[in-house]
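J.: Next up is a structure, given as structure tokens.
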Amino acid sequence: MGNMNNKEGFFNRLKEGLSKTRKGFVKNVDEMIFGEKILSRNLFDDLEETLIMADLGPAFTTELVEEMKYRAGRKELDRPDALKKILKDHMREILRDSELPLEIPRDELYTIMVLGVNGTGKTTTIGKMAHQFKKAGYSVILVAGDTFRAAAIEQLEIWSQRVNVPLIKQKMGADPSAVAYDAVHAAKSRKANVIIIDTAGRLHTQTNLMEELKKLKRIVGREHEGAPHETLLVLDATTGQNAISQAKMFNEEIGITGLVLTKLDGTAKGGIVVRIAKEMSIPIRYIGIGEKIDDLRIFNSEEFVNALFA
Amino acid sequence: MFEHLTEKLDNVFKKLKGKGVLDEESVGLALKDIRMALLEADVNFKVTKNFIDDVKGRAVGREVLESITPGQQVVKIVHDRLIELMGGDASQLKLANRFPAPVMLVGLQGCGKTTTAAKIARFLMNQKKRVCLVSADVYRPAAIDQLSILARTIGSGLFESAPANDPVKICVDALNDAKTRGYDTLIIDTAGRLHIDSSLMDELKKIKDSVNPAEILFVADAMTGQDAVSTAETFNELLDITGVILTKVDGDARGGAALSIKAVTGKPIKFIGIGEKLDAIEVFHPDRMASRILGHGDVLTLVEKAQMAYDEKAARELERKIRKDSFTLEDFRDQLMQIRKMGPLEDLLAMIPGFGKIKAMKNVQVDEKEFVKIIAIIDSMTKKERFDSRIINGSRRKRIARGSGTTVQDVNRLLKNYLEMRKMMKKLTKGGGKHLKRGNFPFK
């Protein structure tokens with residue numbers, strides 16, 4: 001149990017920011033940089049380890065380390081702490097374009113479709129989003145589009161009660177497109193602003209389930225011009241290199257307009273998102289940092305990188 | 001799972017095998033590639049490092065480098081170490097000596113505990129065990145409902161709990177209840193939690209202390225990255241888990257989590273979850289998986305699957321028909337149905353040794369719909385047509401196409417394939433071949 005206290009969540013790192021004790025990734029980078037006067041080979045090895053442990057992936061890590069070595073060789077990095085600054089700037093640069101919060105118009109119907117593999121936290125994220133939108137004065141309708149998993153509808157129903165927004169649902173096993181159809185029409189007649197559609201978790205390799213999503217998207221678009229306005233892919237921060245494959249395949253098949261990175265309150269660093277941001281330039285809309293209703297934050301690249309490097 | 005790793009390792013091995021002379025440098029280069037392949041597959045950084053150091057230590061010795069086939073020798077060392085890393089034979093659940101035997105499932109949020117609980121229950125019920133399920137997840141909305149629905153679906157026992165109850169008390173009550181109702185096994189589904197959430201981790205410890213589980217299984221998502229190790233270690237330190245269940249293995253996860261968790265906890269992976277359906281769980285065979293990673297295929301599992309779907313009487317009858325050249329379209333249909341029973345075709349193909357290496361077969365998308373189509377076509381024929389395909393003329397073909405929602409071309413193709421198959425069978429029997437190839441279905 002002893003080492004449990006040494007590990008600290010991302011959320012805490014976010015809160016602690018620059019000033020407090022730094023753990024995990026942060027601690028490692030600092031030890032490396034301030035602990036050594038010379039940029040030895042060893043330092044780069046340690047840097048590599050830290051980046052790989054943060055799930056940035058070996059190829060991307062090698063790329064970053066080589067870049068740092070190159071700059072060090074050209075004497076740009078005559079002081080070890082300059083390395084940190086360069087790395088930090090570099091990552092921030094990569095992530096800056098991903099920092100694009102959702103903007104939801106006040107006067108027209110806005111539909112959001114939420115996708116992802118099983119167990120990433122889609123339903124929880126929807127609950128939290130609904131809460132934020134409602135607080136901001138939007139009228140929100142939730143749509144129980146996961147008609148496959150046992151009690152998925154009930155789970156969303158409990159969230160709809162917590163947040164106090166209406167839920168459109170049918171029975172388990174119903175066609176998700178039919179539920180979404182109902183929802184679009186309900187939203188129009190009730191003059192709602194935002195529809196959030198939950199979908200069943202599915203592995204990105206299941207082609208038949210991808211077809212189901214395409215149909216859902218098509219039906220929503222047919223019933224309401226321009227819908228879905230946002231197609232959010234929910235990624236679990238504990239996921240490793242497979243997240244790339246998830247992002248690519250959902251994007252190819254369905255088209256993704258935004259990402260949500262969940263479970264950053266654990267010890268996982270979610271570093272894979274940096275690579276996704278670099279390769280795919282899809283905005284990261286939110287990060288999930290806990291199970292409570294307020295534990296959803298707008299993604300901020302500065303904050304994210306600071307939490308990694310502090 | 002593991003296709004990426006298989007492919008990358010295979011490339012390295014090919015380069016190595018071709019070399020008659022090896023020096024430390026070329027071994028070093030090969031190991032560098034292997035290292036990248038492992039890291040890319042999410043094998044933990046430290047586990048990878050130990051693995052590579054170990055292989056290097058064994059590979060650069062004089063006996064290896066100066067042997068006649070140094071490349072082969074290095075490949076063999078990597079093979080052996082990989083099998084060691086994954087663990088040897090499959091390990092069974094140890095439930096025998098206690099009634100009811102409590103089995104506790106623990107893990108992070110979203111790793112698939114609840115679905116796995118039902119899958120394990122169903123698996124044990126197939127072994128004639130009386131299984132009761134209980135949910136101690138009072139936190140996630142509708143988690144208890146989810147398990148209740150699953151228990152109803154599989155027809156297992158269920159101890160009803162409610163979100164207002166105390167999780168520890170739920171488990172104690174459920175155990176007493178399972179005892180009086182005469183269940184063999186009680187499967188406890190716990191709430192997903194972070195390993196750094198000390199109060200929730202403490203709750204697990206309390207559950208463990210009060211029900212003394214026969215098995216504590218750590219459920220882990222096969223897609224987990226580097227963090228898998230720290231999570232598994234913490235759960236193991238606190239609870240001394242007895243095994244691991246790896247879920248979502250049916251995707252394209254590279255499976256590094258499997259290797260890493262085994263390496264740091266020393267606890268065996270007992271099951272893998274391979275799909276959404278409640279029967280999609282398999283006993284994990286480390287040796288077979290290692291063989292699959294190394295591109296040797298997994299013939300044993302394939303044979304087991306075939307045996308499970310295999311009906312001896314039907315097979316003998318089929319053989320008789322083939323010998324008498326009276327293999328009808330109806331038999332053809334039954335054959336297809338039997339293959340389908342074995343599971344998704346893509347999974348079956350992946351078990352065939354060397355299949356992944358065939359370039360043309362890469363990314364082959366086996367269309368399961370094709371099966372459905374063929375079966376629909378045959379179903380749309382009259383009994384007479386099924387027994388004598390020669391009477392199927394143009395207008396009959398049109399009718400069949402309409403009835404099965406296909407085109408005349410589809411019907412033509414099927415008939416052509418069927419006739420070719422019969423021709424082949426005739427050749428085989430005339431050749432006196434005793435062993436007819438089963439599952440020889442001639443369509444693309």
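Chain labels run A, B, ... following the order of the structure tokens; each chain numbers its residues from 1, and ligands are numbered from 1 in the order shown.
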How would you write, as a PyMOL selection string, the set of residues in range 88-210 of chain A that DSSP gives as alpha helix (DSSP H)?

T.: chain A and resi 88-96+122-135+152-163+176-190+207-210

J.: When the cut-off is 9 Å and we count only C-alpha atoms, which residues of chain A are near chain B, given as a PyMOL selection string?

T.: chain A and resi 1+3-5+7-9+49+52-55+57-59+118-121+149-159+202-206+236-243+245+263+265-269+291

J.: Could you tell me how far CA of Arg316 in chain B lies from CA of Gln127 in chain B, in Å and to one decimal?

T.: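 Between CA of Arg316 in chain B and CA of Gln127 in chain B the gap works out to 27.7 Å.
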
J.: Give me, as a list in words, all polymer residues having an atom no more than 7 Å from Ser98 in chain A, counting only C-alpha atoms and skipping those fewer than 2 positions away in the same chain.

T.: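 These residues fall inside the cut-off: Leu95, Arg96, Leu100, Ala277, Ser281, Ile282, Pro283 and Ile284 of chain A.
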
J.: I'd like the neighbourhood of Ile276 in chain A as a list in words, where a residue qualifies if any of its atoms comes within 9 Å (using only C-alpha atoms), though same-chain residues fewer than 3 positions away should be ignored.

T.: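 Here the answer would be Ala243, Ile244, Ala247, Lys248, Ile272, Val273, Glu279, Met280, Ser281 and Ile282 of chain A.
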
J.: Neighbours of range 186-192 of chain B within 9 Å (only C-alpha atoms; same-chain residues fewer than 4 positions away dropped), as a compact mmCIF listing (two decimals) with all heavy atoms, in the first residue's frame?

T.:
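After the write, out-v7.txt holds the following:
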# COMPACT_ATOMS: atom_id res chain seq x y z
N PHE B 99 -17.71 -24.91 -0.83
CA PHE B 99 -19.06 -24.62 -1.34
C PHE B 99 -19.77 -23.64 -0.43
O PHE B 99 -19.90 -23.91 0.75
CB PHE B 99 -19.87 -25.92 -1.45
CG PHE B 99 -19.26 -26.90 -2.40
CD1 PHE B 99 -18.54 -27.98 -1.93
CD2 PHE B 99 -19.37 -26.71 -3.76
CE1 PHE B 99 -17.96 -28.87 -2.81
CE2 PHE B 99 -18.79 -27.60 -4.65
CZ PHE B 99 -18.08 -28.68 -4.18
N PRO B 100 -20.22 -22.56 -0.94
CA PRO B 100 -19.93 -22.08 -2.30
C PRO B 100 -18.56 -21.43 -2.35
O PRO B 100 -18.14 -20.81 -1.38
CB PRO B 100 -21.03 -21.03 -2.51
CG PRO B 100 -21.41 -20.58 -1.15
CD PRO B 100 -21.10 -21.67 -0.18
N ALA B 101 -17.88 -21.55 -3.47
CA ALA B 101 -16.58 -20.93 -3.65
C ALA B 101 -16.78 -19.50 -4.15
O ALA B 101 -17.34 -19.31 -5.23
CB ALA B 101 -15.75 -21.73 -4.63
N PRO B 102 -16.35 -18.51 -3.38
CA PRO B 102 -16.52 -17.13 -3.86
C PRO B 102 -15.43 -16.77 -4.88
O PRO B 102 -14.27 -17.07 -4.67
CB PRO B 102 -16.34 -16.28 -2.60
CG PRO B 102 -16.25 -17.24 -1.45
CD PRO B 102 -15.81 -18.55 -2.02
N VAL B 103 -15.85 -16.16 -5.96
CA VAL B 103 -14.91 -15.67 -6.97
C VAL B 103 -15.13 -14.17 -7.07
O VAL B 103 -16.25 -13.71 -7.30
CB VAL B 103 -15.18 -16.32 -8.35
CG1 VAL B 103 -14.28 -15.70 -9.41
CG2 VAL B 103 -14.98 -17.82 -8.28
N MET B 104 -14.06 -13.42 -6.88
CA MET B 104 -14.20 -11.97 -6.84
C MET B 104 -13.56 -11.37 -8.08
O MET B 104 -12.43 -11.72 -8.42
CB MET B 104 -13.45 -11.50 -5.58
CG MET B 104 -13.74 -10.15 -5.08
SD MET B 104 -12.89 -9.99 -3.47
CE MET B 104 -12.66 -8.24 -3.46
N LEU B 105 -14.27 -10.50 -8.75
CA LEU B 105 -13.71 -9.82 -9.92
C LEU B 105 -13.40 -8.37 -9.56
O LEU B 105 -14.25 -7.66 -9.05
CB LEU B 105 -14.69 -9.85 -11.10
CG LEU B 105 -15.08 -11.24 -11.62
CD1 LEU B 105 -15.95 -11.10 -12.85
CD2 LEU B 105 -13.86 -12.07 -11.94
N VAL B 106 -12.17 -7.95 -9.83
CA VAL B 106 -11.77 -6.58 -9.52
C VAL B 106 -11.11 -5.93 -10.73
O VAL B 106 -10.62 -6.63 -11.62
CB VAL B 106 -10.80 -6.55 -8.32
CG1 VAL B 106 -11.44 -7.15 -7.08
CG2 VAL B 106 -9.50 -7.29 -8.64
N GLY B 107 -11.07 -4.61 -10.73
CA GLY B 107 -10.40 -3.93 -11.84
C GLY B 107 -10.83 -2.47 -11.97
O GLY B 107 -11.67 -1.99 -11.21
N LEU B 108 -10.23 -1.80 -12.94
CA LEU B 108 -10.55 -0.40 -13.20
C LEU B 108 -11.94 -0.26 -13.80
O LEU B 108 -12.54 -1.24 -14.23
CB LEU B 108 -9.55 0.19 -14.20
CG LEU B 108 -8.07 0.24 -13.81
CD1 LEU B 108 -7.25 0.76 -14.99
CD2 LEU B 108 -7.87 1.14 -12.61
N GLN B 109 -12.42 0.95 -13.89
CA GLN B 109 -13.70 1.22 -14.55
C GLN B 109 -13.60 0.87 -16.04
O GLN B 109 -12.60 1.15 -16.67
CB GLN B 109 -14.08 2.71 -14.45
CG GLN B 109 -14.43 3.18 -13.07
CD GLN B 109 -13.26 3.84 -12.38
OE1 GLN B 109 -12.12 3.58 -12.70
NE2 GLN B 109 -13.54 4.66 -11.40
N GLY B 110 -14.67 0.26 -16.52
CA GLY B 110 -14.77 0.05 -17.97
C GLY B 110 -13.91 -1.06 -18.53
O GLY B 110 -13.75 -1.17 -19.73
N CYS B 111 -13.34 -1.91 -17.66
CA CYS B 111 -12.50 -2.99 -18.20
C CYS B 111 -13.36 -4.18 -18.58
O CYS B 111 -12.89 -5.10 -19.24
CB CYS B 111 -11.41 -3.38 -17.21
SG CYS B 111 -12.05 -3.96 -15.65
N LYS B 113 -15.79 -5.87 -16.22
CA LYS B 113 -16.03 -6.81 -15.12
C LYS B 113 -17.41 -7.44 -15.16
O LYS B 113 -17.56 -8.65 -15.01
CB LYS B 113 -15.87 -6.11 -13.76
CG LYS B 113 -14.45 -5.88 -13.33
CD LYS B 113 -14.38 -5.10 -12.03
CE LYS B 113 -14.96 -3.71 -12.17
NZ LYS B 113 -14.38 -2.87 -13.20
N THR B 114 -18.43 -6.62 -15.35
CA THR B 114 -19.80 -7.12 -15.24
C THR B 114 -20.09 -8.15 -16.34
O THR B 114 -20.61 -9.23 -16.08
CB THR B 114 -20.80 -5.95 -15.30
OG1 THR B 114 -20.40 -4.99 -14.33
CG2 THR B 114 -22.20 -6.41 -15.01
N THR B 116 -17.89 -9.85 -17.91
CA THR B 116 -17.04 -11.01 -17.63
C THR B 116 -17.66 -11.89 -16.54
O THR B 116 -17.59 -13.12 -16.63
CB THR B 116 -15.63 -10.55 -17.22
OG1 THR B 116 -15.10 -9.73 -18.26
CG2 THR B 116 -14.71 -11.73 -17.01
N ALA B 117 -18.25 -11.26 -15.53
CA ALA B 117 -18.88 -12.03 -14.45
C ALA B 117 -19.92 -12.99 -15.04
O ALA B 117 -19.95 -14.18 -14.71
CB ALA B 117 -19.54 -11.08 -13.44
N ALA B 118 -20.73 -12.46 -15.96
CA ALA B 118 -21.76 -13.31 -16.57
C ALA B 118 -21.14 -14.38 -17.46
O ALA B 118 -21.60 -15.52 -17.50
CB ALA B 118 -22.73 -12.44 -17.37
N ILE B 120 -18.16 -15.80 -17.10
CA ILE B 120 -17.56 -16.85 -16.25
C ILE B 120 -18.68 -17.73 -15.68
O ILE B 120 -18.56 -18.96 -15.62
CB ILE B 120 -16.77 -16.20 -15.10
CG1 ILE B 120 -15.61 -15.38 -15.63
CG2 ILE B 120 -16.26 -17.27 -14.12
CD1 ILE B 120 -14.40 -16.18 -16.04
N ALA B 121 -19.77 -17.07 -15.26
CA ALA B 121 -20.89 -17.83 -14.71
C ALA B 121 -21.39 -18.84 -15.74
O ALA B 121 -21.58 -20.02 -15.44
CB ALA B 121 -22.01 -16.88 -14.30
N ARG B 130 -23.49 -24.96 -10.19
CA ARG B 130 -24.61 -24.07 -9.86
C ARG B 130 -24.02 -22.73 -9.42
O ARG B 130 -23.35 -22.64 -8.39
CB ARG B 130 -25.47 -24.69 -8.75
CG ARG B 130 -26.10 -26.03 -9.15
CD ARG B 130 -27.26 -26.36 -8.22
NE ARG B 130 -28.31 -25.39 -8.32
CZ ARG B 130 -28.93 -24.85 -7.26
NH1 ARG B 130 -28.60 -25.21 -6.05
NH2 ARG B 130 -29.90 -23.96 -7.43
N VAL B 131 -24.28 -21.73 -10.23
CA VAL B 131 -23.59 -20.46 -10.03
C VAL B 131 -24.57 -19.36 -9.64
O VAL B 131 -25.66 -19.25 -10.19
CB VAL B 131 -22.85 -20.04 -11.32
CG1 VAL B 131 -22.05 -18.77 -11.10
CG2 VAL B 131 -21.94 -21.16 -11.80
N CYS B 132 -24.16 -18.56 -8.67
CA CYS B 132 -24.94 -17.39 -8.27
C CYS B 132 -24.10 -16.13 -8.51
O CYS B 132 -22.90 -16.13 -8.28
CB CYS B 132 -25.32 -17.50 -6.80
SG CYS B 132 -26.45 -16.22 -6.27
N LEU B 133 -24.74 -15.08 -9.00
CA LEU B 133 -24.06 -13.81 -9.23
C LEU B 133 -24.50 -12.78 -8.20
O LEU B 133 -25.65 -12.80 -7.76
CB LEU B 133 -24.40 -13.29 -10.63
CG LEU B 133 -23.77 -13.98 -11.84
CD1 LEU B 133 -24.48 -13.52 -13.11
CD2 LEU B 133 -22.29 -13.66 -11.93
N VAL B 134 -23.58 -11.90 -7.84
CA VAL B 134 -23.98 -10.78 -6.99
C VAL B 134 -23.19 -9.54 -7.41
O VAL B 134 -22.02 -9.63 -7.74
CB VAL B 134 -23.77 -11.08 -5.49
CG1 VAL B 134 -22.30 -11.36 -5.17
CG2 VAL B 134 -24.29 -9.93 -4.64
N SER B 135 -23.87 -8.40 -7.39
CA SER B 135 -23.20 -7.15 -7.71
C SER B 135 -22.95 -6.35 -6.44
O SER B 135 -23.86 -6.07 -5.68
CB SER B 135 -24.05 -6.31 -8.66
OG SER B 135 -23.46 -5.03 -8.80
N ALA B 136 -21.68 -6.01 -6.21
CA ALA B 136 -21.34 -5.15 -5.08
C ALA B 136 -21.02 -3.75 -5.60
O ALA B 136 -20.37 -2.96 -4.92
CB ALA B 136 -20.15 -5.73 -4.33
N ASP B 137 -21.46 -3.47 -6.82
CA ASP B 137 -21.22 -2.15 -7.41
C ASP B 137 -22.39 -1.24 -7.10
O ASP B 137 -23.38 -1.20 -7.83
CB ASP B 137 -21.01 -2.28 -8.92
CG ASP B 137 -20.64 -0.94 -9.55
OD1 ASP B 137 -20.66 0.09 -8.83
OD2 ASP B 137 -20.31 -0.92 -10.74
N VAL B 138 -22.28 -0.53 -6.00
CA VAL B 138 -23.37 0.37 -5.59
C VAL B 138 -23.13 1.78 -6.12
O VAL B 138 -23.89 2.69 -5.83
CB VAL B 138 -23.51 0.41 -4.06
CG1 VAL B 138 -23.85 -0.97 -3.53
CG2 VAL B 138 -22.24 0.93 -3.41
N TYR B 139 -22.07 1.97 -6.90
CA TYR B 139 -21.71 3.32 -7.32
C TYR B 139 -22.15 3.63 -8.75
O TYR B 139 -22.81 4.63 -8.99
CB TYR B 139 -20.18 3.51 -7.20
CG TYR B 139 -19.67 3.13 -5.85
CD1 TYR B 139 -19.01 1.92 -5.64
CD2 TYR B 139 -19.86 3.97 -4.75
CE1 TYR B 139 -18.54 1.56 -4.38
CE2 TYR B 139 -19.40 3.62 -3.49
CZ TYR B 139 -18.74 2.41 -3.32
OH TYR B 139 -18.30 2.06 -2.07
N ARG B 140 -21.77 2.80 -9.70
CA ARG B 140 -22.10 3.12 -11.09
C ARG B 140 -23.61 3.00 -11.30
O ARG B 140 -24.20 1.99 -10.92
CB ARG B 140 -21.37 2.18 -12.05
CG ARG B 140 -21.70 2.47 -13.52
CD ARG B 140 -20.72 1.81 -14.47
NE ARG B 140 -20.72 0.37 -14.35
CZ ARG B 140 -21.48 -0.44 -15.11
NH1 ARG B 140 -22.30 0.06 -16.01
NH2 ARG B 140 -21.42 -1.73 -14.94
N ALA B 143 -25.51 -0.37 -12.55
CA ALA B 143 -24.59 -1.52 -12.62
C ALA B 143 -25.29 -2.78 -12.09
O ALA B 143 -25.13 -3.87 -12.65
CB ALA B 143 -23.33 -1.23 -11.80
N LEU B 147 -26.18 -6.44 -14.13
CA LEU B 147 -25.87 -7.82 -13.75
C LEU B 147 -27.15 -8.65 -13.62
O LEU B 147 -27.17 -9.82 -13.99
CB LEU B 147 -25.05 -7.85 -12.45
CG LEU B 147 -24.39 -9.20 -12.18
CD1 LEU B 147 -23.26 -9.46 -13.17
CD2 LEU B 147 -23.86 -9.32 -10.76
N GLY B 157 -28.20 -18.07 -10.89
CA GLY B 157 -28.77 -17.52 -9.68
C GLY B 157 -28.35 -16.07 -9.53
O GLY B 157 -27.41 -15.61 -10.19
N PRO B 167 -21.41 -2.42 0.36
CA PRO B 167 -20.83 -3.47 -0.49
C PRO B 167 -20.31 -4.68 0.29
O PRO B 167 -20.49 -5.82 -0.14
CB PRO B 167 -19.68 -2.75 -1.19
CG PRO B 167 -20.05 -1.32 -1.17
CD PRO B 167 -20.85 -1.10 0.07
N CYS B 171 -21.83 -8.67 0.10
CA CYS B 171 -21.06 -9.88 -0.22
C CYS B 171 -21.23 -10.95 0.86
O CYS B 171 -21.38 -12.13 0.56
CB CYS B 171 -19.59 -9.53 -0.40
SG CYS B 171 -19.35 -8.42 -1.79
N ALA B 174 -24.68 -12.33 0.57
CA ALA B 174 -24.80 -13.15 -0.64
C ALA B 174 -24.17 -14.52 -0.44
O ALA B 174 -24.69 -15.53 -0.90
CB ALA B 174 -24.13 -12.43 -1.83
N LEU B 175 -23.07 -14.53 0.28
CA LEU B 175 -22.38 -15.80 0.51
C LEU B 175 -23.25 -16.72 1.38
O LEU B 175 -23.41 -17.91 1.08
CB LEU B 175 -21.02 -15.55 1.19
CG LEU B 175 -20.12 -16.77 1.31
CD1 LEU B 175 -19.74 -17.31 -0.05
CD2 LEU B 175 -18.85 -16.42 2.09
N ALA B 178 -26.10 -17.91 -0.70
CA ALA B 178 -25.68 -18.92 -1.69
C ALA B 178 -25.50 -20.27 -1.01
O ALA B 178 -25.77 -21.32 -1.59
CB ALA B 178 -24.39 -18.48 -2.38
N LEU B 200 -11.67 3.28 -1.74
CA LEU B 200 -12.34 2.20 -2.49
C LEU B 200 -11.48 0.94 -2.52
O LEU B 200 -11.99 -0.17 -2.52
CB LEU B 200 -12.67 2.66 -3.91
CG LEU B 200 -13.95 3.48 -4.05
CD1 LEU B 200 -14.19 3.83 -5.51
CD2 LEU B 200 -15.16 2.75 -3.51
N LEU B 204 -12.30 -3.10 -1.10
CA LEU B 204 -12.01 -4.41 -1.69
C LEU B 204 -11.33 -5.32 -0.70
O LEU B 204 -11.63 -6.50 -0.61
CB LEU B 204 -11.11 -4.25 -2.92
CG LEU B 204 -11.72 -3.74 -4.21
CD1 LEU B 204 -10.67 -3.77 -5.32
CD2 LEU B 204 -12.91 -4.59 -4.63

J.: Can you pull out every residue from range 141-220 of chain A that DSSP, working from the backbone, puts in strand (DSSP E), and format the result as a VMD selection string?

T.: chain A and resid 141 to 143 167 to 168 194 to 198

J.: Write to file, as an mmCIF file, in the first residue's frame, the residues of the selection just made, with all heavy atoms.

T.:
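Below is the file part32.cif, written as the result:
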data_model
loop_
_atom_site.group_PDB
_atom_site.id
_atom_site.type_symbol
_atom_site.label_atom_id
_atom_site.label_comp_id
_atom_site.auth_asym_id
_atom_site.auth_seq_id
_atom_site.Cartn_x
_atom_site.Cartn_y
_atom_site.Cartn_z
ATOM 1 N N ILE A 141 -31.551 17.328 -24.464
ATOM 2 C CA ILE A 141 -32.256 16.045 -24.501
ATOM 3 C C ILE A 141 -31.219 14.928 -24.657
ATOM 4 O O ILE A 141 -30.330 15.021 -25.505
ATOM 5 C CB ILE A 141 -33.261 15.995 -25.677
ATOM 6 C CG1 ILE A 141 -34.427 16.943 -25.398
ATOM 7 C CG2 ILE A 141 -33.786 14.579 -25.893
ATOM 8 C CD1 ILE A 141 -35.497 16.912 -26.474
ATOM 9 N N LEU A 142 -31.329 13.924 -23.828
ATOM 10 C CA LEU A 142 -30.438 12.777 -23.948
ATOM 11 C C LEU A 142 -31.127 11.667 -24.730
ATOM 12 O O LEU A 142 -32.341 11.496 -24.639
ATOM 13 C CB LEU A 142 -30.032 12.257 -22.564
ATOM 14 C CG LEU A 142 -29.262 13.233 -21.662
ATOM 15 C CD1 LEU A 142 -28.839 12.531 -20.368
ATOM 16 C CD2 LEU A 142 -28.040 13.776 -22.381
ATOM 17 N N VAL A 143 -30.337 10.907 -25.465
ATOM 18 C CA VAL A 143 -30.894 9.851 -26.300
ATOM 19 C C VAL A 143 -30.208 8.523 -25.986
ATOM 20 O O VAL A 143 -28.989 8.405 -26.129
ATOM 21 C CB VAL A 143 -30.703 10.171 -27.805
ATOM 22 C CG1 VAL A 143 -31.438 9.155 -28.653
ATOM 23 C CG2 VAL A 143 -31.166 11.587 -28.115
ATOM 24 N N LEU A 167 -35.089 12.294 -21.271
ATOM 25 C CA LEU A 167 -34.409 11.203 -21.961
ATOM 26 C C LEU A 167 -35.365 10.600 -22.976
ATOM 27 O O LEU A 167 -36.524 10.334 -22.666
ATOM 28 C CB LEU A 167 -34.001 10.128 -20.952
ATOM 29 C CG LEU A 167 -33.452 8.824 -21.549
ATOM 30 C CD1 LEU A 167 -32.006 9.005 -21.951
ATOM 31 C CD2 LEU A 167 -33.577 7.666 -20.570
ATOM 32 N N ILE A 168 -34.867 10.414 -24.199
ATOM 33 C CA ILE A 168 -35.665 9.700 -25.195
ATOM 34 C C ILE A 168 -35.121 8.283 -25.274
ATOM 35 O O ILE A 168 -33.930 8.084 -25.485
ATOM 36 C CB ILE A 168 -35.567 10.366 -26.586
ATOM 37 C CG1 ILE A 168 -35.983 11.826 -26.522
ATOM 38 C CG2 ILE A 168 -36.389 9.600 -27.612
ATOM 39 C CD1 ILE A 168 -37.431 12.076 -26.208
ATOM 40 N N VAL A 194 -29.983 21.177 -27.553
ATOM 41 C CA VAL A 194 -28.923 20.183 -27.726
ATOM 42 C C VAL A 194 -29.460 18.765 -27.561
ATOM 43 O O VAL A 194 -30.197 18.475 -26.628
ATOM 44 C CB VAL A 194 -27.793 20.398 -26.686
ATOM 45 C CG1 VAL A 194 -26.621 19.483 -26.991
ATOM 46 C CG2 VAL A 194 -27.345 21.835 -26.648
ATOM 47 N N ILE A 195 -29.113 17.911 -28.503
ATOM 48 C CA ILE A 195 -29.391 16.483 -28.365
ATOM 49 C C ILE A 195 -28.054 15.778 -28.195
ATOM 50 O O ILE A 195 -27.141 15.994 -28.995
ATOM 51 C CB ILE A 195 -30.034 15.896 -29.636
ATOM 52 C CG1 ILE A 195 -31.295 16.636 -30.014
ATOM 53 C CG2 ILE A 195 -30.327 14.431 -29.468
ATOM 54 C CD1 ILE A 195 -31.943 16.029 -31.255
ATOM 55 N N ILE A 196 -27.945 14.929 -27.181
ATOM 56 C CA ILE A 196 -26.725 14.118 -27.053
ATOM 57 C C ILE A 196 -27.114 12.652 -27.186
ATOM 58 O O ILE A 196 -27.906 12.131 -26.406
ATOM 59 C CB ILE A 196 -26.021 14.357 -25.708
ATOM 60 C CG1 ILE A 196 -25.894 15.855 -25.406
ATOM 61 C CG2 ILE A 196 -24.632 13.715 -25.732
ATOM 62 C CD1 ILE A 196 -25.282 16.154 -24.048
ATOM 63 N N ILE A 197 -26.551 12.016 -28.194
ATOM 64 C CA ILE A 197 -26.907 10.621 -28.484
ATOM 65 C C ILE A 197 -25.833 9.677 -27.963
ATOM 66 O O ILE A 197 -24.677 9.746 -28.377
ATOM 67 C CB ILE A 197 -27.089 10.402 -30.007
ATOM 68 C CG1 ILE A 197 -28.074 11.409 -30.582
ATOM 69 C CG2 ILE A 197 -27.532 8.975 -30.295
ATOM 70 C CD1 ILE A 197 -28.115 11.450 -32.097
ATOM 71 N N ASP A 198 -26.223 8.808 -27.054
ATOM 72 C CA ASP A 198 -25.331 7.767 -26.559
ATOM 73 C C ASP A 198 -25.357 6.620 -27.577
ATOM 74 O O ASP A 198 -26.382 6.383 -28.220
ATOM 75 C CB ASP A 198 -25.856 7.272 -25.201
ATOM 76 C CG ASP A 198 -24.848 6.396 -24.475
ATOM 77 O OD1 ASP A 198 -23.681 6.353 -24.883
ATOM 78 O OD2 ASP A 198 -25.246 5.759 -23.478
#

J.: Compile the contact shell of range 22-28 of chain B as a list in words: residues with an atom at most 10 Å away, counting only C-alpha atoms, same-chain residues fewer than 5 positions apart removed.

T.: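 Once the nearby chain positions are removed, what remains is Lys15, Leu16, Lys17, Asp33, Ile34, Ile52, Val55, Lys56, Ala59, Val60, Gly61, Arg62, Val64, Leu65, Glu66, Ser67, Thr69, Pro70, Gly71 and Val74 of chain B.
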
J.: How many Å separate CA of Gly258 in chain A from CA of Lys134 in chain A?

T.: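 Distance between the two atoms: 20.2 Å.
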